[in-house]
Amino acid sequence: MNFYVVVEGMVEKGVYRSWIPLVNPALTYVEDPSKIDDNNFFLISGGGYPGYFDVIDNAILDVNEIGVFDRLVISTDSEEMTCAEKYKEIVDYVSEKKCSSEIRIIIQHFCFETWGLSNRKAVSPHPHSQKLREYKQFFNVRVNDPELLPPHIKEGLNRSQFAAKYLRLALNDKFKNLTYTKKAPDVLLHPKYFVQVKNRFEETHHVCSFEAFLKAFV
Amino acid sequence: MRILTYKYKDVDPIGWHFSKVEFDKVNLLVGDTATGKTRLLNTIFNLGRFSVSNEFKNGGWDITFKHNDATYRWVLETETMKDGESGIIQDNIWKIERQREIPIVGRDRTSFKFNGREVPKLSSKENSVWLLKEEELVKPIYEGFSNIMQRRFFGDELVNMTGYQTIPVNFIEKIKKDRGLKRLFQAEFNLSGTLYFLSEYHKDIFNKICTLYKGIFPFIIETTLIDIRDLNKNISVIGPMPIFCIKEKGIDKWIPILDISSGMQKVLLMLTDIFVFPEEGIYLIDEYENSLGINAIDFFPSFILEVEKDIQFIVTSHHPYIINEIPVKNWYVFHRKGTEVTIKRGSELAERFGKSKQKAFIQLINDPFYTDGVE
């Protein structure tokens with residue numbers, strides 16, 4: 001089975017490339033969509049630029065033209081929408097298109113960093129950083145569902161910005177000399193990180209939106 | 001002049017090395033930040049300054065170029081000695097005819113030959129193109145290098161180009177005798193000065209620039225040149241000081257060039273440059289899109305692709321619109337590992353990119369050669 005995967009940003013491109021084979025070990029990443037053979041997946045990122053729907057449109061054209069993809073997977077952040085609202089938005093959009101393969105939608109509620117924050121081992125129980133202690137007091141992602149993280153009004157951060165800052169602080173606190181950036185999400189690529197996110201979902205049913213990721217590639 | 005192939009290395013021990021690249025008429029340098037695009041542009045410009053202005057520049061160049069239907073190769077290398085002094089250690093020029101390299105200049109640390117004859121020892125800080133520019137064999141090369149212009153379109157350069165300047169009376173006399181655009185190009189007047197001469201002696205070109213400019217910014221209804229003394233009666237200057245002015249819809253007064261937006265200044269400067277450029281010129285443009293709105297960007301790709309003059313464009317850009325609109329085959333993708341800069345031609349990517357319907361820019365930012373631009 002072959003997958004054409006559209007992701008929004010560069011961080012997902014790196015992470016999905018590492019995590020998809022952990023969900024389905026039979027799958028191998030291929031860089032060139034025209035070289036897809038069997039049990040391969042191809043990833044394209046919109047790079048965080050505007051025009052994500054163009055990338056979806058062109059992905060459908062590729063799937064139809066190249067003819068080797070069994071499933072088109074579209075991954076996107078819900079951001080300020082609810083998971084259901086964002087899902088409907090994408091469904092409404094793609095239902096007007098003719099795609100020769102099945103389409104699956106992954107809504108990262110509300111951004112990829114929410115999933116990142118669900119790894120309890122990545123957030124120290126006793127942080128060195130004062131700021132991180134404050135954040136934990138404000139909303140402890142080790143205990144509460146990261147998908148319920150509120151915006152940090154005092155700091156002028158919406159919930160996605162807050163999640164990104166929270167995750168960066170947590171990773172810096174836990175892993176010295178390591179920083180999380182959209183371009184270098186290295187620590188998240190590790191299989192152990194994926195396992196922790198998966199465990200969190202399975203054990204607590206937190207980060208519910210992660211289930212779509214687990215199901216999209218099998 | 002048209003650069004055909006280009007290779008450059010810094011000569012200091014931790015300097016950068018750029019792989020050999022074949023250039024086309026329109027060349028778009030793309031790559032992540034710090035991969036060396038601007039550096040490469042600077043090295044080309046430096047070679048030009050070294051050749052025609054005798055400003056010593058350290059470096060190692062290997063360039064093949066065409067000018068006046070003749071093809072040349074120039075290998076020039078400098079070295080910094082232990083005492084900190086720099087000098088030329090290699091300076092060889094060949095004319096290429098039927099794939100044979102015929103020596104014009106052969107120079108190393110100990111000898112200097114021109115056209116087969118030994119030349120007396122000359123300053124190792126002066127290159128052969130500068131030293132021999134009056135010689136018939138070298139003159140076209142000197143002329144070729146004098147046709148290189150670099151624009152950075154930001155900071156002091158834009159301020160200087162849009163500033164005010166009196167027109168030297170002796171230049172008016174000169175241009176009356178020789179109206180060629182090359183004289184105007186070499187005079188390096190600021191924008192208002194150049195536009196003044198175009199309006200006086202090349203009215204058709206001036207009108208074309210103004211028409212194009214108004215097409216890009218449709219809210220401009222009129223353009224003109226007004227002497228500063230007519231704009232401001234309190235100013236007293238000796239000689240003419242024309243100022244390019246525009247009139248916008250709904251504003252009933254002339255707006256002088258200094259008071260229009262920097263984006264609009266950039267567009268005017270670039271249009272004027274291109275119209276004044278001599279044939280066989282090289283225009284180096286570094287991040288034209290900086291601080292520009294989309295209305296000032298979207299005309300640019302088709303404009304440079306369609307310019308009928310023989311101008312070679314070497315342009316850097318990070319802008320999705322510009323990158324999407326310039327054909328992939330005209331791209332040069334930069335990748336740096338330490339001090340080694342590898343430049344991949346877009347033609348190597350064109351076939352693969354052509355197989356997907358995703359926009360070229362999207363495919364570029366998903367290509368590991370680009371995304372892992374600095375290793």
# chains A, B, ... in the order shown; residues from 1 in each chain; ligands from 1
>>> interface_residues(of="chain A", to="chain B", cutoff="9 Å", atoms="only C-alpha atoms", output="ChimeraX atom specification")
/A:10,13,31-34,43-47,49,54-62,65-66,183
>>> closest_atom_pairs(of="segment 107-177 of chain A", to="segment 84-87 of chain A", cutoff="10 Å", atoms="only C-alpha atoms", output="CSV")
residue,atom,partner,partner_atom,distance
A:Ile107,CA,A:Tyr87,CA,6.5
A:Gln108,CA,A:Lys86,CA,9.6
A:His109,CA,A:Lys86,CA,9.2
A:Phe110,CA,A:Lys86,CA,9.7
>>> select_by_dssp(residues="segment 172-267 of chain B", states="helix (DSSP H, G or I)", output="VMD selection string")
chain B and resid 172 to 177 181 to 187 191 to 201 203 to 216 228 to 231 257 to 259 262 to 267
>>> select_by_dssp(residues="segment 65-217 of chain B", states="strand (DSSP E or B)", output="PyMOL selection string")
chain B and resi 65-67+70-80+86-97+100-107+112-114+117-118+148-151
>>> residues_around(residues="segment 255-260 of chain B", least_positions_apart="6", cutoff="9 Å", atoms="only C-alpha atoms", output="list in words")
Val159, Thr162, Gly163, Tyr164, Leu191, Ser192, Leu225, Ile226, Leu231, Ile243, Phe244, Cys245, Ile246, Lys247 and Glu248 of chain B
>>> atom_distance(atom1="atom CA of Arg100 of chain B", atom2="atom CA of Thr5 of chain B")
16.0 Å
>>> closest_residue(among="B:Leu29, B:Ser51, B:Phe217, B:Gln165", to="Leu132 of chain B", atoms="only C-alpha atoms")
B:Ser51
>>> atom_distance(atom1="atom CA of Ala360 of chain B", atom2="atom CA of Ser160 of chain A")
29.0 Å
